[in-house]
$ cat entry08.txt   # compact mmCIF, C-alpha atoms
# COMPACT_ATOMS: atom_id res chain seq x y z
CA MET A 19 -14.20 5.59 3.52
CA SER A 20 -16.05 4.27 0.50
CA SER A 21 -14.45 0.84 1.00
CA TYR A 22 -12.43 -0.88 3.67
CA PRO A 23 -8.90 -2.01 2.72
CA LEU A 24 -7.67 -5.22 4.33
CA VAL A 25 -5.66 -4.71 7.51
CA SER A 26 -3.30 -7.41 8.74
CA ILE A 27 -3.15 -7.46 12.54
CA CYS A 28 0.31 -8.90 13.17
CA ILE A 29 0.81 -10.54 16.57
CA PRO A 30 4.31 -11.83 17.36
CA VAL A 31 4.00 -14.14 20.38
CA TYR A 32 6.53 -15.59 22.81
CA ASN A 33 5.64 -16.97 26.25
CA GLY A 34 2.71 -14.58 26.65
CA ALA A 35 0.12 -16.88 28.21
CA GLU A 36 -0.71 -14.47 31.03
CA PHE A 37 -1.76 -11.82 28.49
CA ILE A 38 -3.61 -13.98 25.94
CA GLU A 39 -7.08 -13.35 27.40
CA SER A 40 -6.56 -9.58 27.25
CA LEU A 41 -5.16 -9.94 23.72
CA LEU A 42 -8.20 -11.90 22.55
CA ASN A 43 -10.57 -9.34 24.07
CA THR A 44 -8.78 -6.55 22.23
CA ILE A 45 -9.15 -8.35 18.89
CA ARG A 46 -12.80 -9.22 19.43
CA GLN A 47 -13.70 -5.66 20.38
CA THR A 48 -12.15 -3.97 17.35
CA THR A 49 -14.76 -2.23 15.21
CA TYR A 50 -12.83 -2.39 11.93
CA PRO A 51 -14.72 -4.81 9.64
CA TYR A 52 -12.03 -6.16 7.30
CA ILE A 53 -9.06 -7.77 9.02
CA GLU A 54 -6.87 -10.82 8.92
CA ILE A 55 -4.96 -11.92 12.01
CA ILE A 56 -1.38 -13.10 11.61
CA ILE A 57 -0.10 -14.85 14.76
CA SER A 58 3.55 -15.90 14.74
CA ASP A 59 4.54 -18.00 17.74
CA ASP A 60 8.29 -17.88 18.38
CA ASN A 61 8.53 -21.36 19.92
CA SER A 62 6.76 -20.46 23.17
CA GLN A 63 7.36 -22.80 26.10
CA ASP A 64 4.16 -21.93 27.96
CA GLU A 65 0.44 -22.29 27.11
CA SER A 66 0.35 -19.37 24.64
CA LEU A 67 -0.09 -21.48 21.54
CA ASN A 68 -2.75 -23.76 23.07
CA LEU A 69 -4.77 -20.77 24.27
CA LEU A 70 -4.62 -19.10 20.87
CA ARG A 71 -5.63 -22.26 19.04
CA ALA A 72 -8.53 -22.82 21.42
CA SER A 73 -9.84 -19.30 20.79
CA HIS A 74 -10.95 -20.09 17.19
CA LEU A 75 -10.52 -16.47 16.10
CA ALA A 76 -12.15 -15.72 12.77
CA ASN A 77 -9.84 -14.88 9.85
CA SER A 78 -6.78 -15.90 11.87
CA HIS A 79 -3.63 -17.67 10.71
CA ILE A 80 -1.32 -19.18 13.32
CA PHE A 81 2.28 -19.84 12.30
CA THR A 82 4.77 -21.80 14.38
CA HIS A 83 8.51 -22.09 13.89
CA SER A 84 11.80 -22.44 15.73
CA ARG A 85 13.01 -19.58 17.90
CA TYR A 86 13.70 -16.61 15.63
CA GLY A 87 14.12 -13.91 18.24
CA LEU A 88 12.24 -10.64 18.71
CA VAL A 89 12.88 -8.61 15.57
CA PRO A 90 13.08 -11.53 13.07
CA ASN A 91 9.67 -12.63 14.37
CA TRP A 92 8.27 -9.18 13.57
CA ASN A 93 9.64 -9.54 10.06
CA TYR A 94 8.17 -13.01 9.69
CA CYS A 95 4.73 -11.60 10.54
CA ILE A 96 5.10 -9.01 7.79
CA SER A 97 6.17 -11.66 5.26
CA GLN A 98 2.92 -13.59 5.89
CA ALA A 99 0.59 -10.57 5.79
CA LYS A 100 -1.65 -9.87 2.79
CA GLY A 101 -3.29 -6.61 3.90
CA LYS A 102 -2.78 -3.15 2.48
CA TYR A 103 -1.92 -2.06 6.01
CA ILE A 104 0.09 -3.69 8.80
CA LYS A 105 -1.14 -3.16 12.37
CA PHE A 106 1.11 -4.69 14.98
CA LEU A 107 -0.42 -5.78 18.25
CA PHE A 108 2.03 -7.09 20.82
CA GLN A 109 0.85 -9.82 23.17
CA ASP A 110 0.96 -7.58 26.26
CA ASP A 111 -0.52 -4.41 24.70
CA THR A 112 -4.08 -3.34 23.87
CA LEU A 113 -5.93 -1.26 21.28
CA GLU A 114 -9.04 0.88 21.60
CA PRO A 115 -11.97 -0.64 19.64
CA ASP A 116 -11.86 2.15 17.03
CA CYS A 117 -8.06 2.37 16.79
CA ILE A 118 -7.71 0.66 13.42
CA THR A 119 -10.72 2.43 11.92
CA LYS A 120 -9.36 5.87 12.80
CA MET A 121 -5.81 5.06 11.69
CA VAL A 122 -6.93 3.65 8.34
CA LYS A 123 -9.17 6.68 7.77
CA MET A 124 -6.15 8.92 8.33
CA ALA A 125 -3.87 6.84 6.07
CA GLU A 126 -6.45 6.78 3.25
CA GLN A 127 -6.51 10.60 3.10
CA ASP A 128 -3.14 10.77 1.35
CA GLU A 129 -1.38 8.00 -0.57
CA LYS A 130 1.99 9.47 0.46
CA ILE A 131 1.36 8.70 4.15
CA GLY A 132 3.51 5.70 5.06
CA LEU A 133 2.92 5.59 8.81
CA VAL A 134 0.19 6.75 11.18
CA PHE A 135 0.73 7.02 14.93
CA SER A 136 -1.29 8.23 17.88
CA CYS A 137 -1.01 9.08 21.55
CA ARG A 138 -1.05 6.01 23.80
CA ASN A 139 -1.62 5.03 27.41
CA LEU A 140 0.93 3.37 29.68
CA ILE A 141 -0.14 0.38 31.76
CA TYR A 142 1.97 -0.59 34.76
CA GLU A 143 0.65 -2.63 37.63
CA GLN A 144 3.52 -2.24 40.10
CA PRO A 145 5.82 0.52 41.36
CA ILE A 146 8.22 1.66 38.67
CA ASP A 147 10.91 4.28 38.20
CA ILE A 148 9.02 7.60 37.91
CA GLU A 149 11.75 9.14 35.76
CA PHE A 150 11.45 6.21 33.35
CA VAL A 151 7.65 6.52 33.12
CA THR A 152 7.78 10.32 32.73
CA GLY A 153 10.18 9.98 29.80
CA MET A 154 7.81 7.58 28.04
CA LYS A 155 4.59 9.57 28.44
CA ASP A 156 3.12 11.83 25.77
CA LEU A 157 5.91 11.17 23.30
CA HIS A 158 4.41 13.43 20.61
CA LYS A 159 4.90 16.47 22.86
CA HIS A 160 8.66 16.10 22.56
CA TRP A 161 8.62 17.18 18.92
CA SER A 162 9.04 20.94 18.66
CA LYS A 163 6.07 20.96 16.28
CA ILE A 164 3.78 18.12 15.29
CA GLN A 165 1.02 18.32 12.68
CA PHE A 166 -1.72 15.88 11.74
CA VAL A 167 0.02 15.19 8.42
CA GLN A 168 3.55 16.27 7.65
CA SER A 169 6.63 15.32 5.71
CA GLY A 170 8.87 12.80 7.43
CA ILE A 171 11.85 14.91 6.40
CA THR A 172 10.42 17.75 8.47
CA LEU A 173 10.47 15.53 11.55
CA LEU A 174 14.04 14.43 10.84
CA GLN A 175 14.98 18.12 10.76
CA ASP A 176 13.16 18.86 14.02
CA ARG A 177 15.33 20.80 16.47
CA ASN A 178 14.49 18.26 19.17
CA PHE A 179 15.62 15.27 17.12
CA PHE A 180 18.75 14.67 19.21
CA LYS A 181 16.98 15.23 22.53
CA PRO A 182 15.43 12.39 24.58
CA PRO A 183 13.14 10.61 24.39
CA TYR A 184 14.63 9.59 21.09
CA ASN A 185 11.63 7.53 19.99
CA LYS A 186 8.95 10.20 19.72
CA ILE A 187 6.60 7.93 17.75
CA GLY A 188 6.17 5.00 20.13
CA GLU A 189 6.12 1.23 19.97
CA PRO A 190 4.93 -0.94 17.01
CA THR A 191 1.52 -1.40 18.66
CA ASN A 192 1.13 2.37 18.41
CA VAL A 193 1.41 2.64 14.62
CA LEU A 194 -0.27 1.63 11.37
CA ILE A 195 2.04 1.07 8.39
CA CYS A 196 1.23 0.76 4.71
CA ARG A 197 2.58 -2.63 3.66
CA GLU A 198 4.19 -1.31 0.48
CA VAL A 199 6.47 0.73 2.73
CA PHE A 200 8.39 -2.43 3.64
CA GLU A 201 8.82 -3.31 -0.03
CA ARG A 202 10.45 0.07 -0.56
CA VAL A 203 12.57 0.58 2.57
CA GLY A 204 13.11 -3.00 3.75
CA LEU A 205 12.23 -4.83 6.95
CA PHE A 206 13.11 -4.15 10.59
CA ASP A 207 16.86 -4.37 11.14
CA PRO A 208 17.68 -7.27 13.51
CA ALA A 209 21.07 -5.69 14.24
CA PHE A 210 19.18 -3.50 16.74
CA LYS A 211 17.93 -5.24 19.88
CA GLN A 212 16.00 -2.40 21.52
CA LEU A 213 15.65 0.28 18.85
CA ALA A 214 14.68 -1.61 15.70
CA ASP A 215 11.33 0.18 15.80
CA LEU A 216 12.92 3.65 16.13
CA GLU A 217 15.27 2.97 13.22
CA MET A 218 12.34 1.82 11.09
CA TRP A 219 10.29 4.93 11.88
CA LEU A 220 13.25 7.12 10.84
CA ARG A 221 13.68 5.09 7.65
CA ILE A 222 10.01 5.58 6.79
CA MET A 223 10.31 9.31 7.47
CA THR A 224 12.99 9.46 4.79
CA TYR A 225 10.49 8.56 2.05
CA TYR A 226 6.96 9.23 3.31
CA LYS A 227 4.59 11.56 5.07
CA ILE A 228 3.64 10.78 8.67
CA GLY A 229 0.09 10.97 10.03
CA PHE A 230 -0.68 11.76 13.67
CA ILE A 231 -3.94 11.25 15.60
CA ASP A 232 -4.23 13.22 18.84
CA GLU A 233 -6.13 10.49 20.67
CA ARG A 234 -5.05 7.65 22.95
CA LEU A 235 -5.78 4.71 20.68
CA ALA A 236 -3.36 2.13 22.10
CA SER A 237 -1.94 1.08 25.45
CA PHE A 238 1.64 -0.01 26.08
CA ARG A 239 2.12 -2.34 29.04
CA ILE A 240 5.30 -2.04 31.14
CA HIS A 241 6.25 -5.11 33.15
CA PRO A 242 9.48 -6.77 34.35
CA ASN A 243 9.45 -9.65 31.84
CA GLN A 244 9.32 -7.58 28.65
CA ALA A 245 12.35 -6.80 26.50
CA THR A 246 11.90 -3.04 26.95
CA SER A 247 12.11 -3.18 30.73
CA HIS A 248 15.10 -5.50 30.59
CA ASN A 249 17.04 -3.44 28.07
CA LEU A 250 16.31 -0.08 29.64
CA GLY A 251 16.86 -1.44 33.13
CA GLU A 252 19.94 -3.65 33.15
CA ASN A 253 21.42 -2.50 29.83
CA LYS A 254 20.97 1.28 29.80
CA ILE A 255 24.51 1.86 28.53
CA GLU A 256 24.10 -0.64 25.68
CA THR A 257 20.79 0.97 24.71
CA LEU A 258 22.46 4.39 24.65
CA PHE A 259 25.16 3.08 22.33
CA GLU A 260 22.45 1.58 20.15
CA ILE A 261 20.97 5.06 19.75
CA TYR A 262 24.33 6.25 18.45
CA LYS A 263 24.37 3.32 16.02
CA VAL A 264 20.91 4.30 14.73
CA TRP A 265 22.17 7.81 14.00
CA LEU A 266 25.30 6.34 12.45
CA LYS A 267 23.16 4.26 10.10
CA ILE A 268 21.32 7.40 8.98
CA ILE A 269 24.65 9.07 8.21
CA ARG A 270 26.33 6.21 6.38
CA ASN A 271 23.82 3.64 5.13
CA LYS A 272 22.63 3.78 1.51
CA THR A 273 19.04 3.32 2.70
CA TYR A 274 19.12 6.99 3.72
CA GLN A 275 20.98 8.31 0.67
CA SER A 276 17.90 10.23 -0.53
CA LEU A 277 18.09 12.51 2.53
CA PRO A 278 19.27 16.05 1.78
CA GLY A 279 23.07 16.20 2.00
CA ASP A 280 23.02 19.12 4.42
CA LEU A 281 20.75 17.16 6.79
CA ARG A 282 23.09 14.16 6.86
CA LYS A 283 26.04 16.49 7.34
CA LYS A 284 24.31 18.16 10.29
CA MET A 285 23.56 14.75 11.81
CA ARG A 286 27.20 13.74 11.42
CA VAL A 287 28.37 16.91 13.19
CA GLU A 288 25.91 16.41 16.04
CA LEU A 289 26.85 12.75 16.47
CA VAL A 290 30.59 13.48 16.47
CA LYS A 291 30.02 16.22 19.05
CA ILE A 292 28.04 13.88 21.30
CA LEU A 293 30.60 11.09 20.96
CA LEU A 294 33.51 13.41 21.78
CA ILE A 295 31.77 14.52 24.97
CA LYS A 296 30.97 10.90 25.82
CA GLY A 297 34.59 9.93 25.18
CA VAL A 298 35.97 12.61 27.48
CA LYS A 299 33.59 11.53 30.25
CA SER A 300 34.66 7.90 29.79
CA VAL A 301 38.30 8.88 30.33
CA ILE A 302 37.52 11.05 33.37
CA LEU A 303 35.48 8.24 34.94
CA LEU A 304 38.05 5.58 33.92
CA ARG A 305 35.44 3.68 31.92
CA TRP A 306 37.89 2.22 29.43
CA ASP A 307 35.47 -0.22 27.82
CA GLN A 308 33.03 2.59 27.04
CA GLY A 309 35.91 4.67 25.76
CA ARG A 310 36.90 1.96 23.27
CA LYS A 311 33.32 1.75 22.01
CA VAL A 312 33.16 5.52 21.61
CA ARG A 313 36.41 5.55 19.61
CA ALA A 314 35.11 2.82 17.31
CA LEU A 315 31.88 4.75 16.68
CA LEU A 316 33.81 7.97 16.08
CA LYS A 317 35.94 6.23 13.49
CA GLU A 318 32.80 5.09 11.67
CA ALA A 319 31.11 8.50 11.97
CA LEU A 320 34.13 10.18 10.40
CA GLY A 321 34.44 7.57 7.64
CA SER A 322 33.34 8.39 4.11
CA THR A 323 32.56 4.96 2.61
CA PRO A 324 28.78 4.32 2.62
CA GLU A 325 27.41 1.02 3.88
CA PRO A 326 25.11 -1.23 1.81
CA SER A 327 21.43 -0.86 2.58
CA GLY A 328 20.49 -4.45 3.58
CA ASN A 329 17.11 -5.27 5.19
CA GLU A 330 15.71 -6.53 1.88
CA PHE A 331 12.10 -7.63 1.62
CA PRO A 332 11.86 -11.43 1.39
CA SER A 333 10.96 -12.93 -1.97

$ encode --input "entry08.txt" --output "structure tokens"
Amino acid sequence: MSSYPLVSICIPVYNGAEFIESLLNTIRQTTYPYIEIIISDDNSQDESLNLLRASHLANSHIFTHSRYGLVPNWNYCISQAKGKYIKFLFQDDTLEPDCITKMVKMAEQDEKIGLVFSCRNLIYEQPIDIEFVTGMKDLHKHWSKIQFVQSGITLLQDRNFFKPPYNKIGEPTNVLICREVFERVGLFDPAFKQLADLEMWLRIMTYYKIGFIDERLASFRIHPNQATSHNLGENKIETLFEIYKVWLKIIRNKTYQSLPGDLRKKMRVELVKILLIKGVKSVILLRWDQGRKVRALLKEALGSTPEPSGNEFPS
């Protein structure tokens, strides 16, 4: 690169004191020379804020506010960022020292690249469900075909799109996003508790190319206190229904209206098929509450009136 564009490292924080030392080490070891650090503390009740203030990180901006919640805090970080690129770093995750350098180099190759992702490591320090871990490893291998740079539409048309794992990109720590993307497609949708990142990746695919780096440049930590473990552990059924709602948004929301009509039609057919099977199983197993939810989603999937886009970028 002939010059280094500014990268905003966005760090949403909430009660993460036990991980702050690791977080600070990750930031200090990064080799990318031109960064600003946006820390948004979501009204932590532990020592997180004191530890961050005591660190005296260069080029850092610490924002405090009342409790926003997970996804709105992500969006607040973005609203405060000034960089050409947004690089999320969650309080319990880590980056390789050259992660940002390599991702920016990839993004700068083509102005139509909206998102760059890479392979990542999993960190878990206690026994955990092997099936759960296996499903989260090597996400990129679950695409039928992945290239270093390709159209997002191509990925949305991938024959494995409806097969788990549904998030084949990874978590926000695992990606670099051009900031102008959010001005075009909107912010993360707080209507989704577990899959706001997946829905955003699919939204970006609608308009941009996607870059992929076949190196493990980030690490995602799995532990009992994080939202991912809670949602995928105690609320597996709710998370599954949220996946259906993500697909439903693609079918009906105006944000995705630029998708080819035949692609949206195919997605509608696949979703209806899946919901019908789910509905039959709910009846057989006498799961009436699930059955009611399936019927409501089916009604929406078969509806013709598009929804407004929403998720506007803050002024």

$ residues_around --input "entry08.txt" --residues "Leu293 of chain A" --least-positions-apart "4" --cutoff "8 Å" --atoms "only C-alpha atoms" --output "list in words"
Leu289, Gly297, Val312, Leu315 and Leu316 of chain A

$ closest_residue --input "entry08.txt" --among "A:Asp64, A:Glu256, A:Glu129, A:Glu36" --to "Val199 of chain A" --atoms "all atoms listed in the file"
A:Glu129

$ atom_distance --input "entry08.txt" --atom1 "atom CA of Gln98 of chain A" --atom2 "atom CA of Val167 of chain A"
29.0 Å

$ closest_residue --input "entry08.txt" --among "A:Gly34, A:Leu173, A:Leu294, A:Tyr142" --to "Ala314 of chain A" --atoms "all atoms listed in the file"
A:Leu294

$ closest_residue --input "entry08.txt" --among "A:Gln47, A:Asn33, A:Ser97, A:Ser84" --to "Leu67 of chain A" --atoms "all atoms listed in the file"
A:Asn33

$ residues_around --input "entry08.txt" --residues "segment 217-230 of chain A" --least-positions-apart "3" --cutoff "8 Å" --atoms "all atoms listed in the file" --output "JSON, numbers by chain"
{"A": [124, 125, 130, 131, 132, 133, 134, 135, 136, 164, 165, 166, 167, 168, 169, 170, 171, 173, 174, 187, 199, 203, 205, 206, 207, 213, 214, 264, 273, 274, 276, 277]}

$ residues_around --input "entry08.txt" --residues "segment 105-115 of chain A" --least-positions-apart "3" --cutoff "8 Å" --atoms "only C-alpha atoms" --output "MDAnalysis selection string"
chainID A and resid 25:31 34 37:38 40:41 44 47:50 118 190:195 234:239

$ residues_around --input "entry08.txt" --residues "Asp156 of chain A" --least-positions-apart "4" --cutoff "10 Å" --atoms "only C-alpha atoms" --output "PyMOL selection string"
chain A and resi 136-140+152+160+186-188+234

$ write_last_selection --input "entry08.txt" --atoms "C-alpha atoms" --output "PDB file, in the frame of the given file"
ATOM      1  CA  SER A 136      -1.290   8.230  17.880  1.00  0.00           C
ATOM      2  CA  CYS A 137      -1.010   9.080  21.550  1.00  0.00           C
ATOM      3  CA  ARG A 138      -1.050   6.010  23.800  1.00  0.00           C
ATOM      4  CA  ASN A 139      -1.620   5.030  27.410  1.00  0.00           C
ATOM      5  CA  LEU A 140       0.930   3.370  29.680  1.00  0.00           C
ATOM      6  CA  THR A 152       7.780  10.320  32.730  1.00  0.00           C
ATOM      7  CA  HIS A 160       8.660  16.100  22.560  1.00  0.00           C
ATOM      8  CA  LYS A 186       8.950  10.200  19.720  1.00  0.00           C
ATOM      9  CA  ILE A 187       6.600   7.930  17.750  1.00  0.00           C
ATOM     10  CA  GLY A 188       6.170   5.000  20.130  1.00  0.00           C
ATOM     11  CA  ARG A 234      -5.050   7.650  22.950  1.00  0.00           C
TER      12      ARG A 234
END
